[in-house]
>>> print(open('query36.csv').read())   # CSV, C-alpha atoms and all ligand atoms
chain,number,residue,atom,x,y,z
L,1,MET,CA,118.9,103.0,84.0
L,2,GLU,CA,115.9,102.5,86.3
L,3,ALA,CA,114.5,105.9,85.1
L,4,VAL,CA,115.0,104.8,81.5
L,5,ARG,CA,113.2,101.5,82.2
L,6,LEU,CA,110.3,103.4,83.8
L,7,MET,CA,110.0,105.8,80.9
L,8,SER,CA,110.0,103.0,78.4
L,9,LYS,CA,107.4,101.0,80.3
L,10,ALA,CA,105.0,103.9,80.9
L,11,ASN,CA,105.7,105.6,77.6
L,12,THR,CA,106.5,108.9,79.3
L,13,GLY,CA,109.2,111.5,79.0
L,14,LEU,CA,109.4,112.3,82.7
L,15,VAL,CA,110.0,110.4,86.0
L,16,VAL,CA,109.3,112.2,89.3
L,17,VAL,CA,111.5,111.5,92.3
L,18,VAL,CA,109.5,111.5,95.5
L,19,GLY,CA,110.3,111.0,99.2
L,20,ASP,CA,108.7,108.6,101.6
L,21,ASP,CA,106.1,111.3,102.5
L,22,GLY,CA,105.1,111.6,98.8
L,23,LYS,CA,106.7,115.0,98.5
L,24,VAL,CA,108.4,115.9,95.2
L,25,LEU,CA,112.2,115.8,95.4
L,26,GLY,CA,113.1,116.2,91.7
L,27,VAL,CA,112.5,115.1,88.2
L,28,VAL,CA,114.4,113.3,85.5
L,29,SER,CA,113.3,114.0,81.9
L,30,GLU,CA,114.4,112.2,78.7
L,31,ARG,CA,116.5,115.3,78.0
L,32,ASP,CA,118.5,114.7,81.1
L,33,ILE,CA,119.0,111.1,80.0
L,34,ILE,CA,120.1,112.0,76.5
L,35,ARG,CA,122.5,114.6,77.9
L,36,ALA,CA,123.9,112.1,80.4
L,37,LEU,CA,124.4,109.4,77.7
L,38,ALA,CA,126.0,112.0,75.4
L,39,ASN,CA,128.4,112.8,78.3
L,40,GLY,CA,129.2,109.1,78.8
L,41,VAL,CA,127.6,108.9,82.2
L,42,ASP,CA,127.5,105.4,83.7
L,43,PRO,CA,123.9,104.0,83.7
L,44,SER,CA,124.3,103.1,87.4
L,45,THR,CA,124.7,106.9,88.3
L,46,PRO,CA,122.0,108.0,90.8
L,47,VAL,CA,119.1,110.0,89.3
L,48,ASP,CA,119.8,112.9,91.6
L,49,SER,CA,123.0,113.7,89.8
L,50,VAL,CA,121.4,113.6,86.3
L,51,GLY,CA,117.9,115.1,86.9
L,52,THR,CA,116.7,118.5,88.2
L,53,MET,CA,116.5,118.4,92.0
L,54,ASN,CA,115.6,122.0,92.8
L,55,SER,CA,113.3,124.8,91.5
L,56,ILE,CA,110.7,122.2,90.5
L,57,VAL,CA,108.0,123.7,88.2
L,58,LYS,CA,104.7,122.7,89.8
L,59,VAL,CA,101.1,123.7,90.1
L,60,HIS,CA,98.4,122.9,92.6
L,61,GLU,CA,95.8,120.3,91.5
L,62,LYS,CA,93.1,122.9,91.3
L,63,ASP,CA,95.1,125.5,89.3
L,64,PRO,CA,93.8,126.3,85.8
L,65,ILE,CA,95.6,124.7,82.9
L,66,ILE,CA,96.4,128.2,81.5
L,67,LYS,CA,98.9,128.5,84.4
L,68,VAL,CA,100.5,125.2,83.3
L,69,ALA,CA,100.9,126.5,79.8
L,70,ALA,CA,102.3,129.8,81.1
L,71,LEU,CA,104.8,128.0,83.3
L,72,MET,CA,106.0,125.7,80.4
L,73,ALA,CA,106.7,128.8,78.2
L,74,GLU,CA,108.3,130.8,81.0
L,75,ARG,CA,110.5,128.0,82.5
L,76,ASN,CA,111.2,126.3,79.2
L,77,VAL,CA,110.0,122.8,80.4
L,78,ARG,CA,107.7,120.3,78.7
L,79,HIS,CA,106.4,118.9,82.0
L,80,VAL,CA,104.8,120.4,85.0
L,81,VAL,CA,104.4,118.5,88.3
L,82,VAL,CA,101.0,118.6,90.0
L,83,VAL,CA,100.8,118.6,93.8
L,84,ASP,CA,98.1,118.6,96.5
L,85,ASP,CA,97.6,120.9,99.5
L,86,TYR,CA,100.5,119.1,101.3
L,87,ASP,CA,102.9,119.4,98.3
L,88,ARG,CA,102.5,115.6,97.6
L,89,LEU,CA,102.7,114.3,94.1
L,90,LYS,CA,99.4,114.1,92.3
L,91,GLY,CA,100.6,113.8,88.7
L,92,VAL,CA,102.3,115.3,85.8
L,93,ILE,CA,101.1,117.4,82.8
L,94,SER,CA,103.1,117.1,79.7
L,95,ILE,CA,103.0,119.4,76.7
L,96,ARG,CA,101.3,116.5,74.9
L,97,ASP,CA,98.5,116.6,77.4
L,98,LEU,CA,98.1,120.4,76.9
L,99,LEU,CA,97.9,120.0,73.1
L,100,ARG,CA,94.8,117.9,73.7
L,101,GLU,CA,93.3,120.9,75.6
L,102,TYR,CA,94.0,123.3,72.8
L,103,ASP,CA,90.4,124.6,72.4
L,104,ALA,CA,90.1,125.1,76.2
L,105,LEU,CA,93.4,127.0,76.3
L,106,LYS,CA,92.3,129.2,73.4
L,107,GLU,CA,89.1,130.1,75.3
L,108,LEU,CA,91.0,130.7,78.6
L,109,ALA,CA,93.6,132.9,76.9
L,110,ARG,CA,90.9,135.3,75.9
L,111,LYS,CA,89.8,135.9,79.5
L,112,PRO,CA,92.0,137.5,82.1
L,113,LEU,CA,92.6,135.2,85.1
L,114,VAL,CA,91.9,138.0,87.6
L,115,PRO,CA,89.0,140.3,86.8
L,116,LEU,CA,90.3,143.7,86.0
L,117,THR,CA,88.9,146.4,88.3
L,118,LYS,CA,87.7,149.7,86.8
L,119,GLU,CA,89.3,152.8,88.2
O,201,LIG,P1,111.7,118.6,79.5
O,201,LIG,O1,111.6,119.7,78.5
O,201,LIG,O2,110.5,118.6,80.4
O,201,LIG,O3,111.9,117.3,78.8
O,201,LIG,O4,112.9,118.9,80.4
O,201,LIG,C1,114.0,119.8,80.1
O,201,LIG,C2,114.8,120.1,81.4
O,201,LIG,O5,113.9,120.7,82.4
O,201,LIG,C3,115.4,118.8,82.1
O,201,LIG,O6,116.6,119.2,82.6
O,201,LIG,C4,114.4,118.5,83.2
O,201,LIG,O7,115.1,117.9,84.3
O,201,LIG,C5,113.9,119.9,83.6
O,201,LIG,N1,112.5,119.8,84.0
O,201,LIG,C6,111.5,119.2,83.3
O,201,LIG,N2,110.3,119.3,84.0
O,201,LIG,C7,110.6,120.1,85.1
O,201,LIG,C8,109.8,120.6,86.2
O,201,LIG,N3,108.5,120.4,86.3
O,201,LIG,N4,110.5,121.3,87.2
O,201,LIG,C9,111.8,121.5,87.1
O,201,LIG,N5,112.6,121.1,86.1
O,201,LIG,C10,112.0,120.4,85.1
>>> encode(input="query36.csv", output="structure tokens")
Amino acid sequence: MEAVRLMSKANTGLVVVVGDDGKVLGVVSERDIIRALANGVDPSTPVDSVGTMNSIVKVHEKDPIIKVAALMAERNVRHVVVVDDYDRLKGVISIRDLLREYDALKELARKPLVPLTKE
């Protein structure tokens, strides 16, 4: 219920669970909430039994947005967590954010991320 309140207040589809050290422990998305409600899960159930608490899809804050787009497609998620050098939460990029960068993504997609070497 606390996750639902936070999503409603912030108008977001994802809540990130962090430890005292700021490291990412897991995520709860609106999908998880819908699934939980459909299964009749009690609203007082802890988030770690409803959300995803391992294999978190994340990028470093300096990674290019094309990597975010690739991860979303590959891992079938609409949110990618952004972390710093110490794996601490910096933010979240949603598919909505990416759509705003459509022109930049089109441009990046034309260029290889790693320059190809001639043999
Ligand atoms: P979404 O499409 O982002 O609403 O989430 C779909 C499913 O993927 C839910 O079960 C989420 O818990 C999970 N999920 C969403 N974002 C991530 C992420 N960055 N890392 C791992 N799992 C995620």
>>> closest_atom_pairs(input="query36.csv", of="chain L", to="ligand LIG 201 (chain O)", cutoff="7 Å", atoms="all atoms listed in the file", output="CSV")
residue,atom,partner,partner_atom,distance
L:Gly13,CA,O:LIG201,O3,6.4
L:Leu14,CA,O:LIG201,O2,6.8
L:Val27,CA,O:LIG201,O7,5.5
L:Val28,CA,O:LIG201,O7,4.8
L:Ser29,CA,O:LIG201,O3,4.7
L:Glu30,CA,O:LIG201,O3,5.7
L:Arg31,CA,O:LIG201,O3,5.1
L:Asp32,CA,O:LIG201,O6,5.1
L:Gly51,CA,O:LIG201,O7,4.7
L:Thr52,CA,O:LIG201,O7,4.3
L:Asn54,CA,O:LIG201,C9,6.9
L:Ser55,CA,O:LIG201,C9,5.7
L:Ile56,CA,O:LIG201,N4,3.4
L:Val57,CA,O:LIG201,N4,3.6
L:Lys58,CA,O:LIG201,N3,5.7
L:Asn76,CA,O:LIG201,O1,6.6
L:Val77,CA,O:LIG201,O1,4.0
L:Arg78,CA,O:LIG201,O2,3.7
L:His79,CA,O:LIG201,N2,4.4
L:Val80,CA,O:LIG201,N3,3.9
L:Val81,CA,O:LIG201,N3,4.9
>>> residues_around(input="query36.csv", residues="Ile65 (chain L)", least_positions_apart="3", cutoff="12 Å", atoms="only C-alpha atoms", output="count of residues only")
30
>>> atom_distance(input="query36.csv", atom1="CA of Gly40 (chain L)", atom2="CA of Gly19 (chain L)")
27.9 Å
>>> atom_distance(input="query36.csv", atom1="CA of Val18 (chain L)", atom2="CA of Gly91 (chain L)")
11.4 Å
>>> atom_distance(input="query36.csv", atom1="CA of Ala38 (chain L)", atom2="CA of Leu25 (chain L)")
24.6 Å
>>> closest_residue(input="query36.csv", among="L:Ala73, L:Asp48, L:Val4, L:Asn11", to="Gly26 (chain L)", atoms="only C-alpha atoms")
L:Asp48
